[in-house]
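Student: Attaching a single structure in structure tokens format; questions to follow.
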Amino acid sequence: MGRRRSRLAAVAAVGLVVLVTCTVLAVHAHTTAFGWFAYAPLSEQSRLPSVVSDRELVAWAGAVLGLVLLAGCLGYALGSRPADGRARRADR
């Protein structure tokens, strides 16, 4: 039982670290790149600035992965405990 609990705690810790790291990266990944130019573009295409960068998408996907890990650990921990609240005995 102790080994299972320590593994669960390790996976939950990894999920928490991934969640916090990716959230910080996603919040600080957005860089504003705009400016005024004195010339017209040479091509006929108009270029619209992207709202979300690729770096932000990857960071938010990592944050979602961390949330999934934490939710899985919490669900496993809540689902594996006995219904009546007593501790399980190993000799059963």
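By order in the structure tokens, chains are A, B, ...; within a chain, residues start at 1; ligands start at 1, following the order shown.
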Near region 15-30 of chain A, within 7 Å and counting only C-alpha atoms, which residues show up once chain neighbours fewer than 3 positions away are dropped, as a ChimeraX atom specification?
Tutor: /A:11-12,53,55-56,59-60,62-63,66-67,69-70
Student: Could those residues be written to a file, using N, CA and C atoms, as a PDB file, in the first residue's frame?
Tutor:
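Contents of the output file again-v1.pdb:
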```
ATOM      1  N   VAL A  11       3.388  10.818  -9.221  1.00  0.00           N
ATOM      2  CA  VAL A  11       2.690  11.195 -10.453  1.00  0.00           C
ATOM      3  C   VAL A  11       1.927  12.502 -10.244  1.00  0.00           C
ATOM      4  N   ALA A  12       1.316  12.671  -9.088  1.00  0.00           N
ATOM      5  CA  ALA A  12       0.610  13.922  -8.791  1.00  0.00           C
ATOM      6  C   ALA A  12       1.581  15.099  -8.735  1.00  0.00           C
ATOM      7  N   SER A  53      -0.014  32.309 -30.453  1.00  0.00           N
ATOM      8  CA  SER A  53       1.186  31.785 -31.097  1.00  0.00           C
ATOM      9  C   SER A  53       1.291  30.274 -30.883  1.00  0.00           C
ATOM     10  N   ARG A  55       3.786  28.738 -29.609  1.00  0.00           N
ATOM     11  CA  ARG A  55       4.367  28.511 -28.285  1.00  0.00           C
ATOM     12  C   ARG A  55       3.286  28.505 -27.205  1.00  0.00           C
ATOM     13  N   GLU A  56       2.323  29.413 -27.343  1.00  0.00           N
ATOM     14  CA  GLU A  56       1.219  29.456 -26.390  1.00  0.00           C
ATOM     15  C   GLU A  56       0.356  28.210 -26.486  1.00  0.00           C
ATOM     16  N   ALA A  59       2.144  25.392 -24.787  1.00  0.00           N
ATOM     17  CA  ALA A  59       2.154  25.590 -23.333  1.00  0.00           C
ATOM     18  C   ALA A  59       0.790  25.285 -22.730  1.00  0.00           C
ATOM     19  N   TRP A  60      -0.290  25.739 -23.371  1.00  0.00           N
ATOM     20  CA  TRP A  60      -1.628  25.447 -22.839  1.00  0.00           C
ATOM     21  C   TRP A  60      -1.956  23.964 -22.955  1.00  0.00           C
ATOM     22  N   GLY A  62       0.225  21.583 -22.651  1.00  0.00           N
ATOM     23  CA  GLY A  62       0.943  21.001 -21.516  1.00  0.00           C
ATOM     24  C   GLY A  62       0.229  21.242 -20.198  1.00  0.00           C
ATOM     25  N   ALA A  63      -0.357  22.420 -20.053  1.00  0.00           N
ATOM     26  CA  ALA A  63      -1.121  22.701 -18.835  1.00  0.00           C
ATOM     27  C   ALA A  63      -2.337  21.788 -18.731  1.00  0.00           C
ATOM     28  N   GLY A  66      -1.152  18.445 -17.574  1.00  0.00           N
ATOM     29  CA  GLY A  66      -0.938  18.453 -16.128  1.00  0.00           C
ATOM     30  C   GLY A  66      -2.237  18.358 -15.358  1.00  0.00           C
ATOM     31  N   LEU A  67      -3.285  19.035 -15.832  1.00  0.00           N
ATOM     32  CA  LEU A  67      -4.589  18.935 -15.188  1.00  0.00           C
ATOM     33  C   LEU A  67      -5.159  17.526 -15.288  1.00  0.00           C
ATOM     34  N   LEU A  69      -3.429  14.744 -15.525  1.00  0.00           N
ATOM     35  CA  LEU A  69      -2.661  13.915 -14.587  1.00  0.00           C
ATOM     36  C   LEU A  69      -3.149  14.100 -13.154  1.00  0.00           C
ATOM     37  N   LEU A  70      -3.352  15.347 -12.759  1.00  0.00           N
ATOM     38  CA  LEU A  70      -3.839  15.610 -11.399  1.00  0.00           C
ATOM     39  C   LEU A  70      -5.242  15.052 -11.186  1.00  0.00           C
TER      40      LEU A  70
END
```
Student: Report, in Å with one decimal, the straight-line distance from CA of Gly2 (chain A) to CA of Ala77 (chain A).
Tutor: 12.8 Å
